[in-house]
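File shown: query.txt. Contents: compact mmCIF, C-alpha atoms.
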```txt
# COMPACT_ATOMS: atom_id res chain seq x y z
CA MET A 1 0.00 0.00 0.00
CA ALA A 2 1.19 3.55 -0.62
CA SER A 3 2.78 5.36 2.29
CA VAL A 4 0.46 7.23 4.60
CA GLY A 5 0.71 10.98 4.86
CA ASP A 6 -0.63 13.64 2.58
CA ASN A 7 -0.52 11.16 -0.31
CA LEU A 8 -4.10 10.77 -1.60
CA GLU A 9 -3.18 7.39 -3.04
CA ALA A 10 -2.61 6.03 0.47
CA TYR A 11 -6.23 6.23 1.62
CA ILE A 12 -8.75 3.46 1.05
CA GLY A 13 -12.32 3.41 2.32
CA PRO A 14 -13.29 1.24 5.29
CA GLY A 15 -15.38 -1.00 3.02
CA LEU A 16 -12.33 -1.54 0.75
CA LYS A 17 -14.25 -0.44 -2.36
CA ASP A 18 -12.89 3.03 -3.00
CA ARG A 19 -9.73 5.11 -2.81
CA LEU A 20 -9.51 8.81 -2.07
CA ILE A 21 -7.34 9.41 -5.14
CA ASP A 22 -10.07 7.95 -7.38
CA LYS A 23 -12.72 10.23 -5.86
CA TYR A 24 -10.40 13.21 -6.24
CA LEU A 25 -9.55 12.46 -9.87
CA HIS A 26 -13.21 11.83 -10.76
CA THR A 27 -14.15 15.19 -9.23
CA LEU A 28 -11.27 17.00 -10.94
CA ASN A 29 -11.61 15.38 -14.36
CA HIS A 30 -15.35 14.77 -14.62
CA GLN A 31 -17.54 16.62 -12.13
CA LEU A 32 -15.85 20.04 -12.11
CA PRO A 33 -15.63 20.23 -15.93
CA LEU A 34 -19.41 19.71 -16.10
CA SER A 35 -19.81 23.37 -15.11
CA THR A 36 -18.31 24.42 -18.47
CA SER A 37 -20.04 21.76 -20.54
CA GLU A 38 -21.97 22.66 -23.67
CA GLU A 39 -25.26 21.95 -21.88
CA VAL A 40 -24.46 24.48 -19.15
CA LEU A 41 -23.18 27.08 -21.62
CA ASN A 42 -26.38 26.67 -23.70
CA LEU A 43 -28.38 27.57 -20.60
CA GLY A 44 -26.51 30.89 -20.45
CA ILE A 45 -24.76 29.99 -17.21
CA HIS A 46 -21.20 31.22 -16.76
CA ILE A 47 -19.08 29.82 -13.93
CA ASP A 48 -16.18 32.07 -12.85
CA GLU A 49 -14.54 29.75 -10.33
CA LYS A 50 -14.73 26.07 -9.49
CA HIS A 51 -13.94 24.56 -6.11
CA ALA A 52 -14.29 21.10 -4.66
CA ILE A 53 -14.58 20.33 -0.97
CA PHE A 54 -14.19 16.81 0.33
CA LYS A 55 -15.94 16.29 3.61
CA GLY A 56 -14.60 13.53 5.78
CA ARG A 57 -11.94 12.32 8.16
CA LEU A 58 -8.66 10.67 7.26
CA PHE A 59 -7.70 7.79 9.51
CA ARG A 60 -4.10 6.67 9.79
CA PRO A 61 -2.81 3.33 11.07
CA TRP A 62 -2.51 3.20 14.85
CA HIS A 63 1.03 1.82 14.75
CA LEU A 64 2.34 4.45 12.31
CA SER A 65 1.00 7.60 13.85
CA ASN A 66 1.12 9.00 17.34
CA ASP A 67 0.23 12.53 16.23
CA SER A 68 -2.87 11.80 14.17
CA HIS A 69 -6.21 12.76 15.62
CA TYR A 70 -7.94 9.89 13.82
CA ARG A 71 -6.52 6.39 13.70
CA TRP A 72 -7.58 2.85 12.89
CA LEU A 73 -6.50 -0.28 14.69
CA PRO A 74 -7.21 -3.99 14.45
CA GLU A 75 -9.66 -5.55 16.86
CA LYS A 76 -6.88 -7.55 18.56
CA ASP A 77 -5.32 -4.24 19.70
CA LEU A 78 -8.40 -2.85 21.48
CA HIS A 79 -6.55 -3.24 24.78
CA LEU A 80 -4.24 -0.39 23.68
CA LEU A 81 -7.03 2.19 23.87
CA PRO A 82 -7.34 4.22 27.08
CA SER A 83 -9.67 2.40 29.47
CA ASP A 84 -10.64 5.47 31.51
CA ASN A 85 -12.68 6.95 28.66
CA ARG A 86 -16.06 5.96 27.27
CA TYR A 87 -16.79 4.89 23.73
CA ARG A 88 -19.80 5.02 21.45
CA ILE A 89 -20.04 2.84 18.36
CA LEU A 90 -21.27 5.02 15.49
CA GLU A 91 -23.49 4.20 12.54
CA SER A 92 -22.31 5.53 9.17
CA THR A 93 -24.95 8.28 9.33
CA ASP A 94 -23.13 9.63 12.41
CA TRP A 95 -19.61 9.65 10.99
CA PHE A 96 -19.30 13.36 10.14
CA ALA A 97 -20.64 15.40 13.03
CA GLU A 98 -18.95 15.53 16.41
CA LYS A 99 -20.97 13.77 19.06
CA LEU A 100 -21.90 15.22 22.40
CA PHE A 101 -21.37 13.25 25.56
CA ASP A 102 -24.50 12.08 27.30
CA THR A 103 -25.11 9.84 30.23
CA ASP A 104 -26.51 6.97 28.15
CA ILE A 105 -23.07 6.22 26.70
CA SER A 106 -22.22 2.72 27.77
CA GLN A 107 -19.81 2.22 30.62
CA LEU A 108 -19.03 -1.19 29.17
CA SER A 109 -15.59 -1.62 27.69
CA LEU A 110 -15.41 -1.17 23.96
CA SER A 111 -14.60 -4.85 23.44
CA ALA A 112 -17.77 -5.74 25.37
CA GLN A 113 -19.83 -3.46 23.09
CA LEU A 114 -18.46 -4.90 19.84
CA SER A 115 -19.62 -8.25 18.53
CA ALA A 116 -16.49 -10.36 18.16
CA PRO A 117 -15.11 -11.15 15.78
CA LEU A 118 -15.83 -8.03 13.76
CA GLN A 119 -17.27 -8.57 10.31
CA LYS A 120 -16.67 -5.01 9.12
CA PRO A 121 -14.89 -1.85 10.35
CA ARG A 122 -16.71 0.12 13.02
CA GLN A 123 -16.15 3.78 13.75
CA VAL A 124 -16.17 4.73 17.42
CA ALA A 125 -16.07 8.06 19.20
CA MET A 126 -14.04 8.34 22.39
CA PHE A 127 -15.30 10.59 25.19
CA ASP A 128 -13.78 11.91 28.36
CA PRO A 129 -16.64 11.86 30.89
CA SER A 130 -14.92 14.50 33.07
CA GLN A 131 -14.76 16.97 30.16
CA GLY A 132 -18.13 15.95 28.70
CA ARG A 133 -16.91 16.06 25.11
CA GLU A 134 -15.71 13.90 22.26
CA LEU A 135 -11.92 13.54 22.18
CA THR A 136 -11.25 11.58 19.00
CA ARG A 137 -12.43 8.89 16.60
CA TYR A 138 -11.13 5.45 15.79
CA PHE A 139 -11.95 2.83 13.21
CA ILE A 140 -11.79 -0.60 14.76
CA VAL A 141 -11.19 -3.05 11.92
CA PRO A 142 -11.29 -6.84 11.70
CA ASP A 143 -7.88 -8.35 12.38
CA GLN A 144 -7.34 -9.32 8.71
CA TRP A 145 -8.57 -5.99 7.35
CA GLU A 146 -5.10 -4.58 6.60
CA VAL A 147 -4.18 -7.63 4.50
CA SER A 148 -7.51 -7.35 2.67
CA ALA A 149 -6.99 -3.60 2.27
CA GLU A 150 -3.62 -4.12 0.60
CA ALA A 151 -5.10 -6.62 -1.88
CA SER A 152 -8.11 -4.38 -2.53
CA PHE A 153 -5.88 -1.33 -2.89
CA GLU A 154 -3.83 -3.04 -5.59
CA ALA A 155 -6.95 -4.25 -7.42
CA LEU A 156 -8.52 -0.77 -7.31
CA ALA A 157 -5.28 0.83 -8.54
CA GLN A 158 -5.09 -1.62 -11.46
CA ALA A 159 -8.75 -1.00 -12.34
CA ALA A 160 -8.19 2.77 -12.25
CA ALA A 161 -5.12 2.46 -14.49
CA LYS A 162 -7.10 0.33 -16.94
CA ARG A 163 -9.95 2.88 -17.02
CA SER A 164 -7.41 5.66 -17.57
CA ASN A 165 -5.81 3.79 -20.46
CA ASN A 166 -9.22 3.12 -22.04
CA GLN A 167 -10.15 6.81 -21.85
CA ARG A 168 -7.08 8.03 -23.72
CA PRO A 169 -7.80 9.02 -27.29
CA SER A 170 -6.35 6.63 -29.86
CA LYS A 171 -3.87 7.97 -32.40
```

Is it possible to give me this structure as structure tokens?
Amino acid sequence: MASVGDNLEAYIGPGLKDRLIDKYLHTLNHQLPLSTSEEVLNLGIHIDEKHAIFKGRLFRPWHLSNDSHYRWLPEKDLHLLPSDNRYRILESTDWFAEKLFDTDISQLSLSAQLSAPLQKPRQVAMFDPSQGRELTRYFIVPDQWEVSAEASFEALAQAAAKRSNNQRPSK
């Protein structure tokens, strides 16, 4: 897998079906140019500037980053998370907005809240009960997720290269 950092090629979705670089290139090469398409120009619309904003959070591997606010770690490493905080397992509809602490957040350990073994990555918010606020987010992934991610990453990269080659005009 590509090195993690500011490299868009290094990020793959939790479901292993998409890469950030592919979303970026699709936006840059397809969606943004739609604003200057013939259909838009025929409507008398003139666009002066184009901008794209990607909403989301980038998670880095737990073992490679001690400065990242958002990290992912395999289920077998749950014991490495601070035990004096509380955790809420989030549904995908709750992934973007920060969550407020409330008293119904389980006092059970995170491993007790998760069904083991995990079948898919789960995003969790970590709270400090004394501060009453969310501190960070984690993706807890099945233990074999990283191996699957590497294979999926390579397959997605090959598919993107093939699509790119097929879109080039022939001479």

Close residues, segment 30-33 of chain A itself excluded, 8 Å, only C-alpha atoms, min 6 positions apart in chain, as a VMD selection string: chain A and resid 50 to 52

Could you write out that same residue set with C-alpha atoms as a compact mmCIF listing (two decimals), in the frame of the given file?
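Result written to again19.txt:
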```txt
# COMPACT_ATOMS: atom_id res chain seq x y z
CA LYS A 50 -14.73 26.07 -9.49
CA HIS A 51 -13.94 24.56 -6.11
CA ALA A 52 -14.29 21.10 -4.66
```

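Ranking A:Gln144, A:Ser115, A:Gln131, A:Thr136 by their shortest atom-to-atom distance to Asp102 of chain A, with all atoms listed in the file included, puts A:Gln131 first.
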
Give the answer as one residue: which of A:Leu78, A:Leu90, A:Val40, A:Leu16 has the shortest atom-to-atom distance to Ser148 of chain A, using only C-alpha atoms? A:Leu16

Interatomic distance between atom CA of Pro74 of chain A and atom CA of Arg137 of chain A? 14.1 Å

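Relative to atom CA of Glu9 of chain A, atom CA of Arg163 of chain A is found at 16.2 Å.
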
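Restricting the calculation to only C-alpha atoms, the smallest distance between Asp48 of chain A and any of A:Asn85, A:Thr36, A:Ala112, A:Thr27 is found for A:Thr36.
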
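For the pair atom CA of Lys17 of chain A and atom CA of Phe59 of chain A, the interatomic distance is 15.9 Å.
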
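Restricting the calculation to all atoms listed in the file, the smallest distance between Tyr24 of chain A and any of A:Lys99, A:His46, A:Arg88, A:Lys55 is found for A:Lys55.
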
Taking (-7.3, -7.3, 13.3) in the coordinates of the supplied file, I want to know which residues reach to within 9 Å of it, counting all atoms listed in the file; could you give the answer as a JSON list (two decimals) with C-alpha atoms, in the coordinates of the input?
```
[["chain", "number", "residue", "atom", "x", "y", "z"],
["A", 73, "LEU", "CA", -6.50, -0.28, 14.69],
["A", 74, "PRO", "CA", -7.21, -3.99, 14.45],
["A", 75, "GLU", "CA", -9.66, -5.55, 16.86],
["A", 76, "LYS", "CA", -6.88, -7.55, 18.56],
["A", 77, "ASP", "CA", -5.32, -4.24, 19.70],
["A", 118, "LEU", "CA", -15.83, -8.03, 13.76],
["A", 140, "ILE", "CA", -11.79, -0.60, 14.76],
["A", 141, "VAL", "CA", -11.19, -3.05, 11.92],
["A", 142, "PRO", "CA", -11.29, -6.84, 11.70],
["A", 143, "ASP", "CA", -7.88, -8.35, 12.38],
["A", 144, "GLN", "CA", -7.34, -9.32, 8.71],
["A", 145, "TRP", "CA", -8.57, -5.99, 7.35],
["A", 146, "GLU", "CA", -5.10, -4.58, 6.60]]
```

When distances are computed from only C-alpha atoms, which of A:Ile45, A:Leu80, A:Leu8, A:Leu25 shows the smallest separation from Ser111 of chain A? A:Leu80

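Look at Asp18 of chain A: the protein and nucleic acid residues within 9 Å of it, using all atoms listed in the file and passing over chain neighbours fewer than 6 places away, are Tyr11, Ile12, Ser152, Phe153 and Leu156 of chain A.
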
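Take the candidates A:Glu98, A:Tyr138, A:Gly13, A:Lys162 and check each one against Trp62 of chain A using all atoms listed in the file; the shortest distance goes to A:Tyr138.
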
All residues 12 Å or closer to Ser130 of chain A, all atoms listed in the file, same chain fewer than 3 positions away omitted, as a ChimeraX atom specification: /A:84-86,101-103,127,133-135
